[in-house]
file my_file-v3.tsv (TSV, C-alpha atoms)
chain	number	residue	atom	x	y	z
W	7	MET	CA	37.96	86.05	60.09
W	8	THR	CA	38.52	85.31	63.74
W	9	GLU	CA	39.44	81.79	64.77
W	10	PRO	CA	36.54	80.19	66.66
W	11	VAL	CA	37.33	79.18	70.21
W	12	ARG	CA	38.77	75.68	70.10
W	13	GLU	CA	36.31	73.36	71.73
W	14	SER	CA	37.30	70.43	73.83
W	15	SER	CA	38.25	67.62	71.54
W	16	ALA	CA	36.11	65.21	73.57
W	17	LEU	CA	32.97	67.15	72.67
W	18	THR	CA	34.03	67.30	69.04
W	19	GLN	CA	34.54	63.54	68.98
W	20	LEU	CA	31.18	62.92	70.65
W	21	ARG	CA	29.41	65.12	68.11
W	22	ARG	CA	31.08	63.36	65.24
W	23	GLY	CA	30.02	60.03	66.65
W	24	VAL	CA	26.33	60.83	67.01
W	25	LEU	CA	25.75	63.37	64.24
W	26	GLU	CA	24.99	60.84	61.53
W	27	HIS	CA	22.23	59.22	63.56
W	28	CYS	CA	20.82	62.55	64.72
W	29	VAL	CA	20.48	63.45	61.04
W	30	LEU	CA	18.70	60.16	60.40
W	31	ALA	CA	16.39	60.75	63.38
W	32	LEU	CA	15.41	64.20	62.12
W	33	LEU	CA	14.81	62.88	58.61
W	34	GLU	CA	12.81	59.94	59.91
W	35	SER	CA	10.40	62.36	61.55
W	36	GLY	CA	9.87	64.04	58.20
W	37	GLU	CA	11.73	65.08	55.05
W	38	ARG	CA	13.72	68.31	55.17
W	39	TYR	CA	15.76	70.39	52.78
W	40	GLY	CA	19.41	70.97	53.49
W	41	TYR	CA	19.22	74.47	54.91
W	42	ASP	CA	16.41	73.53	57.32
W	43	LEU	CA	18.16	70.39	58.50
W	44	VAL	CA	21.41	72.25	59.06
W	45	GLY	CA	19.57	74.96	60.98
W	46	GLU	CA	18.02	72.43	63.36
W	47	LEU	CA	21.29	70.62	63.97
W	48	SER	CA	23.08	73.91	64.49
W	49	ALA	CA	20.45	75.14	66.95
W	50	ALA	CA	20.81	71.89	68.90
W	51	GLY	CA	24.56	72.56	69.20
W	52	LEU	CA	25.47	69.49	67.19
W	53	VAL	CA	27.56	71.16	64.48
W	54	ALA	CA	30.37	73.68	64.69
W	55	SER	CA	30.86	74.17	60.94
W	56	GLU	CA	27.57	73.86	59.04
W	57	GLY	CA	29.38	73.17	55.78
W	58	THR	CA	30.49	69.76	57.00
W	59	ILE	CA	26.88	68.48	57.09
W	60	TYR	CA	26.67	68.29	53.30
W	61	PRO	CA	29.52	65.80	52.87
W	62	LEU	CA	27.87	63.74	55.63
W	63	LEU	CA	24.53	63.82	53.79
W	64	SER	CA	26.31	62.82	50.60
W	65	ARG	CA	27.82	59.83	52.37
W	66	LEU	CA	24.45	58.80	53.78
W	67	ARG	CA	22.93	59.07	50.32
W	68	LYS	CA	25.67	56.92	48.78
W	69	GLY	CA	25.18	54.40	51.56
W	70	GLY	CA	21.47	54.21	50.74
W	71	LEU	CA	20.41	55.53	54.16
W	72	VAL	CA	18.83	58.73	52.84
W	73	ALA	CA	17.12	59.59	49.56
W	74	THR	CA	17.15	63.03	47.92
W	75	THR	CA	14.97	64.92	45.47
W	76	TRP	CA	15.33	68.41	44.05
W	77	ARG	CA	12.15	70.46	44.19
W	78	ASP	CA	11.17	73.99	43.31
W	79	SER	CA	10.68	76.29	46.24
W	80	PRO	CA	7.87	78.85	46.34
W	81	ASP	CA	10.41	81.66	46.47
W	82	GLY	CA	13.96	81.46	45.21
W	83	PRO	CA	16.29	78.61	44.32
W	84	GLN	CA	15.54	74.90	44.04
W	85	ARG	CA	15.76	72.90	47.24
W	86	ARG	CA	17.21	69.48	47.72
W	87	TYR	CA	14.99	67.45	50.03
W	88	TYR	CA	16.36	64.62	52.13
W	89	SER	CA	14.40	61.74	53.64
W	90	ALA	CA	15.30	58.55	55.49
W	91	THR	CA	15.07	55.30	53.52
W	92	PRO	CA	13.91	52.03	55.16
W	93	GLU	CA	17.63	51.12	55.45
W	94	GLY	CA	18.20	54.45	57.20
W	95	SER	CA	15.38	53.75	59.65
W	96	ALA	CA	16.79	50.28	60.35
W	97	ALA	CA	20.25	51.73	61.03
W	98	LEU	CA	18.67	54.28	63.34
W	99	ALA	CA	16.77	51.59	65.26
W	100	ASP	CA	20.07	49.74	65.82
W	101	PHE	CA	21.70	52.92	67.02
W	102	ARG	CA	18.83	53.75	69.37
W	103	ALA	CA	19.21	50.38	71.10
W	104	SER	CA	22.99	50.74	71.40
W	105	TRP	CA	22.69	54.32	72.56
W	106	GLN	CA	20.45	53.46	75.54
W	107	ALA	CA	22.96	50.93	76.85
W	108	PHE	CA	25.91	53.20	76.09
W	109	ARG	CA	24.36	56.21	77.79
W	110	SER	CA	23.48	54.36	80.98
W	111	SER	CA	27.00	52.86	81.18
W	112	VAL	CA	28.60	56.27	80.87
W	113	ASP	CA	26.13	57.83	83.31
W	114	THR	CA	26.85	55.12	85.87
W	115	ILE	CA	30.60	55.55	85.58
W	116	LEU	CA	30.45	59.35	85.71
W	117	ALA	CA	28.22	59.21	88.80
W	118	THR	CA	30.58	56.72	90.49
W	119	GLU	CA	33.56	58.96	89.87
W	120	ARG	CA	31.81	61.96	91.35
W	121	ASN	CA	30.65	60.09	94.45
W	122	ARG	CA	34.17	58.83	95.14
W	123	SER	CA	35.73	62.27	95.25
H	18	MET	CA	18.79	92.06	42.16
H	19	MET	CA	22.26	90.52	41.93
H	20	SER	CA	22.31	86.79	42.57
H	21	THR	CA	23.81	85.85	45.90
H	22	LEU	CA	26.22	83.51	44.13
H	23	GLN	CA	27.71	86.53	42.32
H	24	HIS	CA	28.52	88.28	45.58
H	25	PRO	CA	32.29	88.75	45.85
H	26	LEU	CA	32.39	87.15	49.30
H	27	VAL	CA	30.42	84.14	48.08
H	28	LEU	CA	32.46	83.87	44.88
H	29	ASP	CA	35.60	83.91	46.96
H	30	TYR	CA	34.22	81.23	49.28
H	31	LEU	CA	33.15	78.93	46.44
H	32	THR	CA	36.48	79.43	44.66
H	33	ARG	CA	38.31	78.38	47.80
H	34	LEU	CA	35.97	75.41	48.12
H	35	GLU	CA	36.66	74.29	44.54
H	36	ALA	CA	40.37	74.62	45.10
H	37	ALA	CA	40.27	72.68	48.35
H	38	ALA	CA	38.14	69.94	46.79
H	39	VAL	CA	40.44	69.47	43.81
H	40	GLY	CA	41.47	66.02	45.03
H	41	LEU	CA	37.90	64.69	45.01
H	42	PRO	CA	36.28	62.80	42.13
H	43	PRO	CA	34.63	65.36	39.77
H	44	ASP	CA	31.06	64.36	40.65
H	45	ALA	CA	31.68	64.55	44.41
H	46	ARG	CA	33.33	67.95	43.95
H	47	ALA	CA	30.44	69.26	41.85
H	48	GLU	CA	27.93	67.96	44.41
H	49	LEU	CA	29.75	69.68	47.26
H	50	VAL	CA	29.89	73.02	45.45
H	51	THR	CA	26.22	72.74	44.40
H	52	ASP	CA	25.07	71.84	47.93
H	53	LEU	CA	26.98	74.63	49.65
H	54	GLY	CA	25.98	77.10	46.91
H	55	ALA	CA	22.30	76.22	47.41
H	56	HIS	CA	22.71	76.55	51.17
H	57	ILE	CA	24.30	79.99	50.82
H	58	GLU	CA	21.56	81.17	48.47
H	59	GLU	CA	18.86	79.88	50.79
H	60	ALA	CA	20.50	81.32	53.90
H	61	ALA	CA	21.09	84.69	52.26
H	62	SER	CA	17.44	84.90	51.17
H	63	HIS	CA	16.53	84.96	54.86
H	64	THR	CA	18.76	87.99	55.48
H	65	ASP	CA	18.84	91.58	54.30
H	66	GLY	CA	21.62	90.66	51.86
H	67	SER	CA	24.17	93.01	53.39
H	68	ASP	CA	27.86	92.17	53.35
H	69	ASP	CA	27.74	91.56	57.09
H	70	SER	CA	24.85	89.12	56.83
H	71	ILE	CA	26.58	87.24	53.96
H	72	ARG	CA	29.73	87.13	56.05
H	73	ALA	CA	27.75	85.67	58.96
H	74	VAL	CA	26.28	82.97	56.71
H	75	LEU	CA	29.75	82.01	55.48
H	76	ASP	CA	31.17	82.08	59.01
H	77	ARG	CA	28.55	79.61	60.15
H	78	LEU	CA	29.40	77.32	57.24
H	79	GLY	CA	32.98	77.21	58.47
H	80	PRO	CA	36.15	77.26	56.37
H	81	PRO	CA	35.59	75.72	52.90
H	82	GLU	CA	38.71	73.64	53.46
H	83	GLU	CA	37.00	71.92	56.39
H	84	ALA	CA	33.97	70.94	54.31
H	85	ALA	CA	36.26	69.69	51.54
H	86	ARG	CA	38.27	67.68	54.05
H	87	GLU	CA	35.08	66.13	55.37
H	88	ALA	CA	34.09	65.22	51.83
H	89	GLY	CA	37.54	63.79	51.17
H	90	ALA	CA	37.19	61.56	54.18
H	91	THR	CA	33.83	60.32	53.00
H	92	ALA	CA	33.73	60.49	49.21
H	93	GLY	CA	36.70	58.32	48.37
H	94	GLY	CA	38.82	61.32	47.49
H	95	PRO	CA	42.55	60.86	47.33
H	96	ALA	CA	43.69	57.30	47.88
H	97	PRO	CA	43.31	56.44	51.54
H	98	THR	CA	46.65	56.02	53.23
H	99	ALA	CA	47.65	52.49	54.04
H	100	LEU	CA	46.78	51.32	57.50
H	101	PRO	CA	49.75	51.47	59.83
H	102	PRO	CA	51.09	48.05	60.71
H	103	ALA	CA	49.39	46.47	63.70
H	104	PRO	CA	51.49	46.71	66.85
H	105	GLY	CA	50.97	43.01	67.56
H	106	ALA	CA	53.37	40.16	66.99
H	107	ALA	CA	55.15	40.17	63.63
H	108	THR	CA	54.69	36.43	63.07
H	109	LEU	CA	55.04	36.50	59.31
H	110	GLU	CA	58.17	38.65	59.51
H	111	MET	CA	59.77	36.38	62.10
H	112	TRP	CA	59.15	33.36	59.84
H	113	ALA	CA	60.65	35.21	56.90
H	114	LEU	CA	63.81	36.03	58.88
H	115	ALA	CA	64.07	32.49	60.30
H	116	LEU	CA	63.82	31.00	56.79
H	117	LEU	CA	66.33	33.42	55.28
H	118	VAL	CA	68.89	32.85	58.03
H	119	GLY	CA	67.99	29.16	57.98
H	120	SER	CA	68.87	28.90	54.29
H	121	VAL	CA	72.36	30.23	55.05
H	122	VAL	CA	72.77	27.84	58.00
H	123	MET	CA	71.64	24.95	55.81
H	124	CYS	CA	74.31	25.78	53.24
H	125	VAL	CA	77.00	25.91	55.90
H	126	SER	CA	75.82	22.59	57.35
H	127	ILE	CA	76.51	20.97	53.92
H	128	VAL	CA	74.14	18.05	54.54
H	129	LEU	CA	71.05	20.26	54.46
H	130	ILE	CA	72.07	22.07	51.26
H	131	PRO	CA	69.23	20.48	49.23
H	132	LEU	CA	66.69	22.13	51.55
H	133	ALA	CA	68.30	25.57	51.31
H	134	PRO	CA	66.61	26.72	48.06
H	135	LEU	CA	63.18	25.87	49.46
H	136	ALA	CA	63.83	27.80	52.68
H	137	LEU	CA	65.32	30.71	50.73
H	138	ILE	CA	62.44	30.99	48.26
H	139	THR	CA	59.77	30.69	50.96
H	140	GLY	CA	61.62	33.28	53.06
H	141	LEU	CA	61.82	35.69	50.12
H	142	VAL	CA	58.11	35.29	49.36
H	143	LEU	CA	57.25	36.09	52.99
H	144	LEU	CA	59.70	39.00	52.89
H	145	PHE	CA	57.89	40.51	49.91
H	146	ILE	CA	54.31	40.02	51.09
H	147	SER	CA	55.03	41.61	54.48
H	148	GLN	CA	53.33	44.94	55.09
H	149	ARG	CA	55.75	46.02	57.77
H	150	TRP	CA	58.80	46.33	55.58
H	151	SER	CA	59.28	49.06	53.04
H	152	LEU	CA	60.37	48.27	49.50
H	153	ARG	CA	63.89	49.33	50.47
H	154	ASP	CA	63.93	46.84	53.33
H	155	LYS	CA	62.70	44.11	50.99
H	156	LEU	CA	65.34	44.87	48.35
H	157	LEU	CA	68.01	44.82	51.06
H	158	GLY	CA	66.81	41.39	52.19
H	159	LEU	CA	66.73	40.18	48.59
H	160	ALA	CA	70.28	41.41	47.94
H	161	ALA	CA	71.76	40.01	51.16
H	162	TYR	CA	70.06	36.62	51.22
H	163	GLY	CA	68.53	36.06	47.79
H	164	ILE	CA	71.62	37.08	45.80
H	165	GLY	CA	74.46	37.06	48.35
H	166	GLY	CA	73.54	33.59	49.64
H	167	PRO	CA	73.52	31.69	46.34
H	168	LEU	CA	76.68	33.54	45.19
H	169	ALA	CA	78.49	32.49	48.35
H	170	LEU	CA	77.32	28.92	47.90
H	171	VAL	CA	78.50	28.81	44.29
H	172	ALA	CA	81.86	30.26	45.35
H	173	LEU	CA	82.14	27.75	48.19
H	174	LEU	CA	81.35	24.78	45.97
H	175	SER	CA	83.59	25.84	43.11
H	176	ALA	CA	86.62	26.62	45.29
H	177	PRO	CA	87.76	22.96	45.55
H	178	PHE	CA	87.57	22.62	41.78
H	179	ALA	CA	89.63	25.76	41.29
H	180	VAL	CA	92.28	24.35	43.60
H	181	SER	CA	92.16	20.81	42.24
H	182	SER	CA	92.37	21.95	38.64
H	183	GLU	CA	95.92	22.99	39.37
H	184	SER	CA	98.31	20.81	37.44
H	185	CYS	CA	101.95	20.54	38.22
H	186	SER	CA	104.76	18.92	36.51
H	187	GLY	CA	108.26	18.47	37.74
H	188	GLY	CA	111.36	16.51	37.25
H	189	VAL	CA	115.05	16.41	37.73
H	190	ARG	CA	117.19	18.60	35.55
H	191	PRO	CA	120.32	17.21	33.99
H	192	ASP	CA	122.39	19.14	36.51
H	193	GLY	CA	120.69	17.31	39.33
H	194	THR	CA	118.43	20.09	40.61
H	195	THR	CA	114.67	19.46	40.75
H	196	TRP	CA	112.08	21.69	39.14
H	197	GLU	CA	108.40	22.05	39.49
H	198	SER	CA	105.95	24.31	37.68
H	199	CYS	CA	102.29	24.62	38.17
H	200	SER	CA	99.62	26.02	35.87
H	201	GLY	CA	95.98	26.81	36.29
H	202	GLY	CA	94.73	26.56	39.81
H	203	ALA	CA	93.97	29.30	42.17
H	204	PRO	CA	95.87	32.55	42.05
H	205	ASP	CA	97.69	33.55	45.21
H	206	TRP	CA	95.15	36.15	46.19
H	207	LEU	CA	92.20	33.79	46.04
H	208	PRO	CA	92.21	32.68	49.69
H	209	TRP	CA	92.45	36.27	50.83
H	210	GLY	CA	89.76	37.46	48.45
H	211	ALA	CA	87.44	34.62	49.38
H	212	GLY	CA	88.07	35.28	53.06
H	213	ALA	CA	87.32	38.99	52.72
H	214	LEU	CA	84.19	38.23	50.69
H	215	GLY	CA	83.06	35.71	53.28
H	216	VAL	CA	83.56	38.11	56.17
H	217	GLY	CA	81.79	40.84	54.21
H	218	LEU	CA	78.84	38.56	53.52
H	219	VAL	CA	78.56	37.48	57.15
H	220	VAL	CA	78.60	41.13	58.22
H	221	LEU	CA	75.95	41.93	55.58
H	222	TRP	CA	73.78	39.03	56.71
H	223	VAL	CA	73.97	39.93	60.39
H	224	TRP	CA	73.43	43.63	59.73
H	225	THR	CA	70.47	42.94	57.42
H	226	LEU	CA	68.98	40.54	59.96
H	227	VAL	CA	69.23	43.08	62.78
H	228	HIS	CA	67.89	45.87	60.56
H	229	LEU	CA	64.90	43.86	59.31
H	230	TYR	CA	64.16	42.56	62.80
H	231	ARG	CA	64.10	46.06	64.22
H	232	ARG	CA	62.00	47.38	61.38
H	233	ALA	CA	59.49	44.55	61.83
H	234	THR	CA	59.13	45.04	65.57
H	235	ALA	CA	59.43	48.83	65.70
H	236	SER	CA	56.32	50.79	66.58
H	237	VAL	CA	54.75	52.91	63.88
H	238	ALA	CA	56.34	56.08	65.23
H	239	GLU	CA	59.79	54.52	65.26
H	240	SER	CA	59.53	53.22	61.72
H	241	VAL	CA	58.44	56.64	60.52
H	242	GLU	CA	61.40	58.09	62.39
H	243	THR	CA	63.93	55.71	60.85
H	244	ALA	CA	62.42	55.99	57.37
H	245	ARG	CA	62.49	59.78	57.62

call {"tool": "encode", "arguments": {"input": "my_file-v3.tsv", "output": "structure tokens"}}
result
Amino acid sequence: MTEPVRESSALTQLRRGVLEHCVLALLESGERYGYDLVGELSAAGLVASEGTIYPLLSRLRKGGLVATTWRDSPDGPQRRYYSATPEGSAALADFRASWQAFRSSVDTILATERNRS
Amino acid sequence: MMSTLQHPLVLDYLTRLEAAAVGLPPDARAELVTDLGAHIEEAASHTDGSDDSIRAVLDRLGPPEEAAREAGATAGGPAPTALPPAPGAATLEMWALALLVGSVVMCVSIVLIPLAPLALITGLVLLFISQRWSLRDKLLGLAAYGIGGPLALVALLSAPFAVSSESCSGGVRPDGTTWESCSGGAPDWLPWGAGALGVGLVVLWVWTLVHLYRRATASVAESVETAR
């Protein structure tokens, strides 16, 4: 197995910081089963190793932010469906508010730095 | 059709996952293996089932050790390591050292001797509740101040009695010469022994003080370095 190209650690840290709330946002818009959720996050470039999403989901479940149910799938194995709980939606609302302020602060500073040089 | 979970590549992956997750609580470990197993089955059902496609599914999942590490960081897992000491002021440690040294000074000052046990005991309590000192540091402090101090005090206080318990008798012999014999009392080596012990204790106290002070104020990296 070839070693994946090592990404900048800043990007890795950023992903780690927002991933949890991106999961909550996806689940708030509608319940998903693990494979689907992982696929969406992966396509958005938010995860490098898909396997790490499941421990994150487990933590969210233990924290009461997501609920899970196993259901039969029309073809093949059972699927575990995840959905956001009211607590999960509340945590997401908090994050959304913080994120707006955070993003504009960073944007301002990055723009200042570029204009100076 | 052979189940995806029986595929040698998948079996190998899940075996590595189980091994990497061995430090997790059993239910967290089982959940992790179940979740990744279900993901692999689901993902493989969207492919042609060839070795290459299975390999691609596993590659996207990433190394099983990484998923296990993520679970260990979130599922309790092995006992979390103690937080490194804060780099701020070591107030508690400075009080502990001041009280320990203070108890010795009080003994030397004679008049403050009654306060010495209080200072010593408080100092030792602070010494042992500190999170900056290792157990070895604490035992060193206990030996130097908690045991060495009282021993020195007892020796200091009992010395006059040892000397004063000396009894002598003498007289004039019939031939006119005088005689004197003494019994009990301090042996000849006592002053030297006490002196050596005293110097040794002072050196131990100073060395312990410097050592504990440096350990309390050292940065995390330094304390790791010295602890080796």

call {"tool": "residues_around", "arguments": {"input": "my_file-v3.tsv", "residues": "W:Val72", "least_positions_apart": "5", "cutoff": "10 Å", "atoms": "all atoms listed in the file", "output": "list of chain:residue names"}}
result
W:Val29, W:Leu30, W:Leu33, W:Glu34, W:Glu37, W:Leu63, W:Ser64, W:Arg65, W:Leu66, W:Arg67, W:Tyr87, W:Tyr88, W:Ser89, W:Ala90, W:Thr91, W:Pro92, W:Glu93, W:Gly94, W:Ser95

call {"tool": "closest_atom_pairs", "arguments": {"input": "my_file-v3.tsv", "of": "chain W", "to": "chain H", "cutoff": "12 Å", "atoms": "all atoms listed in the file", "output": "tab-separated table"}}
result
residue	atom	partner	partner_atom	distance
W:Met7	CA	H:Asp76	CA	7.9
W:Thr8	CA	H:Asp76	CA	9.3
W:Glu9	CA	H:Asp76	CA	10.1
W:Pro10	CA	H:Gly79	CA	9.4
W:Arg22	CA	H:Glu87	CA	11.0
W:Tyr39	CA	H:His56	CA	9.4
W:Gly40	CA	H:His56	CA	6.9
W:Tyr41	CA	H:His56	CA	5.5
W:Asp42	CA	H:His56	CA	9.3
W:Leu43	CA	H:His56	CA	10.6
W:Val44	CA	H:His56	CA	9.1
W:Gly45	CA	H:Ala60	CA	9.6
W:Ser48	CA	H:Arg77	CA	9.0
W:Ala49	CA	H:Arg77	CA	11.5
W:Val53	CA	H:Arg77	CA	9.5
W:Ala54	CA	H:Gly79	CA	7.6
W:Ser55	CA	H:Gly79	CA	4.5
W:Glu56	CA	H:Leu78	CA	4.3
W:Gly57	CA	H:Leu78	CA	4.4
W:Thr58	CA	H:Ala84	CA	4.6
W:Ile59	CA	H:Ala84	CA	8.0
W:Tyr60	CA	H:Asp52	CA	6.6
W:Pro61	CA	H:Ala88	CA	4.7
W:Leu62	CA	H:Thr91	CA	7.4
W:Leu63	CA	H:Ala88	CA	9.9
W:Ser64	CA	H:Ala92	CA	7.9
W:Arg65	CA	H:Thr91	CA	6.1
W:Leu66	CA	H:Thr91	CA	9.5
W:Arg67	CA	H:Ala92	CA	10.9
W:Lys68	CA	H:Ala92	CA	8.8
W:Gly69	CA	H:Thr91	CA	10.6
W:Thr74	CA	H:Asp52	CA	11.8
W:Trp76	CA	H:Ala55	CA	11.0
W:Ser79	CA	H:Glu59	CA	10.0
W:Pro80	CA	H:Glu59	CA	11.9
W:Asp81	CA	H:Ser62	CA	9.1
W:Gly82	CA	H:Glu59	CA	7.6
W:Pro83	CA	H:Glu59	CA	7.1
W:Gln84	CA	H:Ala55	CA	7.7
W:Arg85	CA	H:Ala55	CA	7.3
W:Arg86	CA	H:Asp52	CA	8.2
W:Tyr87	CA	H:Asp52	CA	11.2

call {"tool": "write_last_selection", "arguments": {"input": "my_file-v3.tsv", "atoms": "C-alpha atoms", "output": "PDB file, in the frame of the given file"}}
result
ATOM      1  CA  MET W   7      37.960  86.050  60.090  1.00  0.00           C
ATOM      2  CA  THR W   8      38.520  85.310  63.740  1.00  0.00           C
ATOM      3  CA  GLU W   9      39.440  81.790  64.770  1.00  0.00           C
ATOM      4  CA  PRO W  10      36.540  80.190  66.660  1.00  0.00           C
ATOM      5  CA  ARG W  22      31.080  63.360  65.240  1.00  0.00           C
ATOM      6  CA  TYR W  39      15.760  70.390  52.780  1.00  0.00           C
ATOM      7  CA  GLY W  40      19.410  70.970  53.490  1.00  0.00           C
ATOM      8  CA  TYR W  41      19.220  74.470  54.910  1.00  0.00           C
ATOM      9  CA  ASP W  42      16.410  73.530  57.320  1.00  0.00           C
ATOM     10  CA  LEU W  43      18.160  70.390  58.500  1.00  0.00           C
ATOM     11  CA  VAL W  44      21.410  72.250  59.060  1.00  0.00           C
ATOM     12  CA  GLY W  45      19.570  74.960  60.980  1.00  0.00           C
ATOM     13  CA  SER W  48      23.080  73.910  64.490  1.00  0.00           C
ATOM     14  CA  ALA W  49      20.450  75.140  66.950  1.00  0.00           C
ATOM     15  CA  VAL W  53      27.560  71.160  64.480  1.00  0.00           C
ATOM     16  CA  ALA W  54      30.370  73.680  64.690  1.00  0.00           C
ATOM     17  CA  SER W  55      30.860  74.170  60.940  1.00  0.00           C
ATOM     18  CA  GLU W  56      27.570  73.860  59.040  1.00  0.00           C
ATOM     19  CA  GLY W  57      29.380  73.170  55.780  1.00  0.00           C
ATOM     20  CA  THR W  58      30.490  69.760  57.000  1.00  0.00           C
ATOM     21  CA  ILE W  59      26.880  68.480  57.090  1.00  0.00           C
ATOM     22  CA  TYR W  60      26.670  68.290  53.300  1.00  0.00           C
ATOM     23  CA  PRO W  61      29.520  65.800  52.870  1.00  0.00           C
ATOM     24  CA  LEU W  62      27.870  63.740  55.630  1.00  0.00           C
ATOM     25  CA  LEU W  63      24.530  63.820  53.790  1.00  0.00           C
ATOM     26  CA  SER W  64      26.310  62.820  50.600  1.00  0.00           C
ATOM     27  CA  ARG W  65      27.820  59.830  52.370  1.00  0.00           C
ATOM     28  CA  LEU W  66      24.450  58.800  53.780  1.00  0.00           C
ATOM     29  CA  ARG W  67      22.930  59.070  50.320  1.00  0.00           C
ATOM     30  CA  LYS W  68      25.670  56.920  48.780  1.00  0.00           C
ATOM     31  CA  GLY W  69      25.180  54.400  51.560  1.00  0.00           C
ATOM     32  CA  THR W  74      17.150  63.030  47.920  1.00  0.00           C
ATOM     33  CA  TRP W  76      15.330  68.410  44.050  1.00  0.00           C
ATOM     34  CA  SER W  79      10.680  76.290  46.240  1.00  0.00           C
ATOM     35  CA  PRO W  80       7.870  78.850  46.340  1.00  0.00           C
ATOM     36  CA  ASP W  81      10.410  81.660  46.470  1.00  0.00           C
ATOM     37  CA  GLY W  82      13.960  81.460  45.210  1.00  0.00           C
ATOM     38  CA  PRO W  83      16.290  78.610  44.320  1.00  0.00           C
ATOM     39  CA  GLN W  84      15.540  74.900  44.040  1.00  0.00           C
ATOM     40  CA  ARG W  85      15.760  72.900  47.240  1.00  0.00           C
ATOM     41  CA  ARG W  86      17.210  69.480  47.720  1.00  0.00           C
ATOM     42  CA  TYR W  87      14.990  67.450  50.030  1.00  0.00           C
TER      43      TYR W  87
END

call {"tool": "residues_around", "arguments": {"input": "my_file-v3.tsv", "residues": "H:Ala133", "least_positions_apart": "5", "cutoff": "10 Å", "atoms": "only C-alpha atoms", "output": "list in words"}}
result
Leu116, Leu117, Val118, Gly119, Ser120, Val121, Val122, Met123, Cys124, Val125, Ile127, Ile138, Thr139, Gly166 and Pro167 of chain H

call {"tool": "write_last_selection", "arguments": {"input": "my_file-v3.tsv", "atoms": "C-alpha atoms", "output": "PDB file, in the frame of the given file"}}
result
ATOM      1  CA  LEU H 116      63.820  31.000  56.790  1.00  0.00           C
ATOM      2  CA  LEU H 117      66.330  33.420  55.280  1.00  0.00           C
ATOM      3  CA  VAL H 118      68.890  32.850  58.030  1.00  0.00           C
ATOM      4  CA  GLY H 119      67.990  29.160  57.980  1.00  0.00           C
ATOM      5  CA  SER H 120      68.870  28.900  54.290  1.00  0.00           C
ATOM      6  CA  VAL H 121      72.360  30.230  55.050  1.00  0.00           C
ATOM      7  CA  VAL H 122      72.770  27.840  58.000  1.00  0.00           C
ATOM      8  CA  MET H 123      71.640  24.950  55.810  1.00  0.00           C
ATOM      9  CA  CYS H 124      74.310  25.780  53.240  1.00  0.00           C
ATOM     10  CA  VAL H 125      77.000  25.910  55.900  1.00  0.00           C
ATOM     11  CA  ILE H 127      76.510  20.970  53.920  1.00  0.00           C
ATOM     12  CA  ILE H 138      62.440  30.990  48.260  1.00  0.00           C
ATOM     13  CA  THR H 139      59.770  30.690  50.960  1.00  0.00           C
ATOM     14  CA  GLY H 166      73.540  33.590  49.640  1.00  0.00           C
ATOM     15  CA  PRO H 167      73.520  31.690  46.340  1.00  0.00           C
TER      16      PRO H 167
END

call {"tool": "atom_distance", "arguments": {"input": "my_file-v3.tsv", "atom1": "atom CA of W:His27", "atom2": "atom CA of W:Leu98"}}
result
6.1 Å

call {"tool": "atom_distance", "arguments": {"input": "my_file-v3.tsv", "atom1": "atom CA of H:Ala169", "atom2": "atom CA of H:Leu218"}}
result
8.0 Å

call {"tool": "build_atoms", "arguments": {"input": "my_file-v3.tsv", "residues": "stretch 112-119 of chain H", "atoms": "N, CA, C and O atoms", "output": "mmCIF file, in the frame of the given file"}}
result
data_model
loop_
_atom_site.group_PDB
_atom_site.id
_atom_site.type_symbol
_atom_site.label_atom_id
_atom_site.label_comp_id
_atom_site.auth_asym_id
_atom_site.auth_seq_id
_atom_site.Cartn_x
_atom_site.Cartn_y
_atom_site.Cartn_z
ATOM 1 N N TRP H 112 58.975 34.546 60.679
ATOM 2 C CA TRP H 112 59.150 33.360 59.840
ATOM 3 C C TRP H 112 60.059 33.679 58.661
ATOM 4 O O TRP H 112 60.934 32.887 58.301
ATOM 5 N N ALA H 113 59.827 34.826 58.056
ATOM 6 C CA ALA H 113 60.650 35.210 56.900
ATOM 7 C C ALA H 113 62.119 35.261 57.300
ATOM 8 O O ALA H 113 62.985 34.696 56.616
ATOM 9 N N LEU H 114 62.415 35.895 58.437
ATOM 10 C CA LEU H 114 63.810 36.030 58.880
ATOM 11 C C LEU H 114 64.384 34.654 59.223
ATOM 12 O O LEU H 114 65.530 34.339 58.860
ATOM 13 N N ALA H 115 63.574 33.825 59.910
ATOM 14 C CA ALA H 115 64.070 32.490 60.300
ATOM 15 C C ALA H 115 64.420 31.684 59.054
ATOM 16 O O ALA H 115 65.453 31.000 59.007
ATOM 17 N N LEU H 116 63.575 31.780 58.013
ATOM 18 C CA LEU H 116 63.820 31.000 56.790
ATOM 19 C C LEU H 116 65.030 31.525 56.035
ATOM 20 O O LEU H 116 65.821 30.751 55.488
ATOM 21 N N LEU H 117 65.195 32.840 56.003
ATOM 22 C CA LEU H 117 66.330 33.420 55.280
ATOM 23 C C LEU H 117 67.638 33.030 55.956
ATOM 24 O O LEU H 117 68.583 32.564 55.312
ATOM 25 N N VAL H 118 67.682 33.225 57.281
ATOM 26 C CA VAL H 118 68.890 32.850 58.030
ATOM 27 C C VAL H 118 69.078 31.341 57.962
ATOM 28 O O VAL H 118 70.192 30.839 57.780
ATOM 29 N N GLY H 119 67.932 30.622 58.040
ATOM 30 C CA GLY H 119 67.990 29.160 57.980
ATOM 31 C C GLY H 119 68.624 28.675 56.681
ATOM 32 O O GLY H 119 69.389 27.709 56.681
#
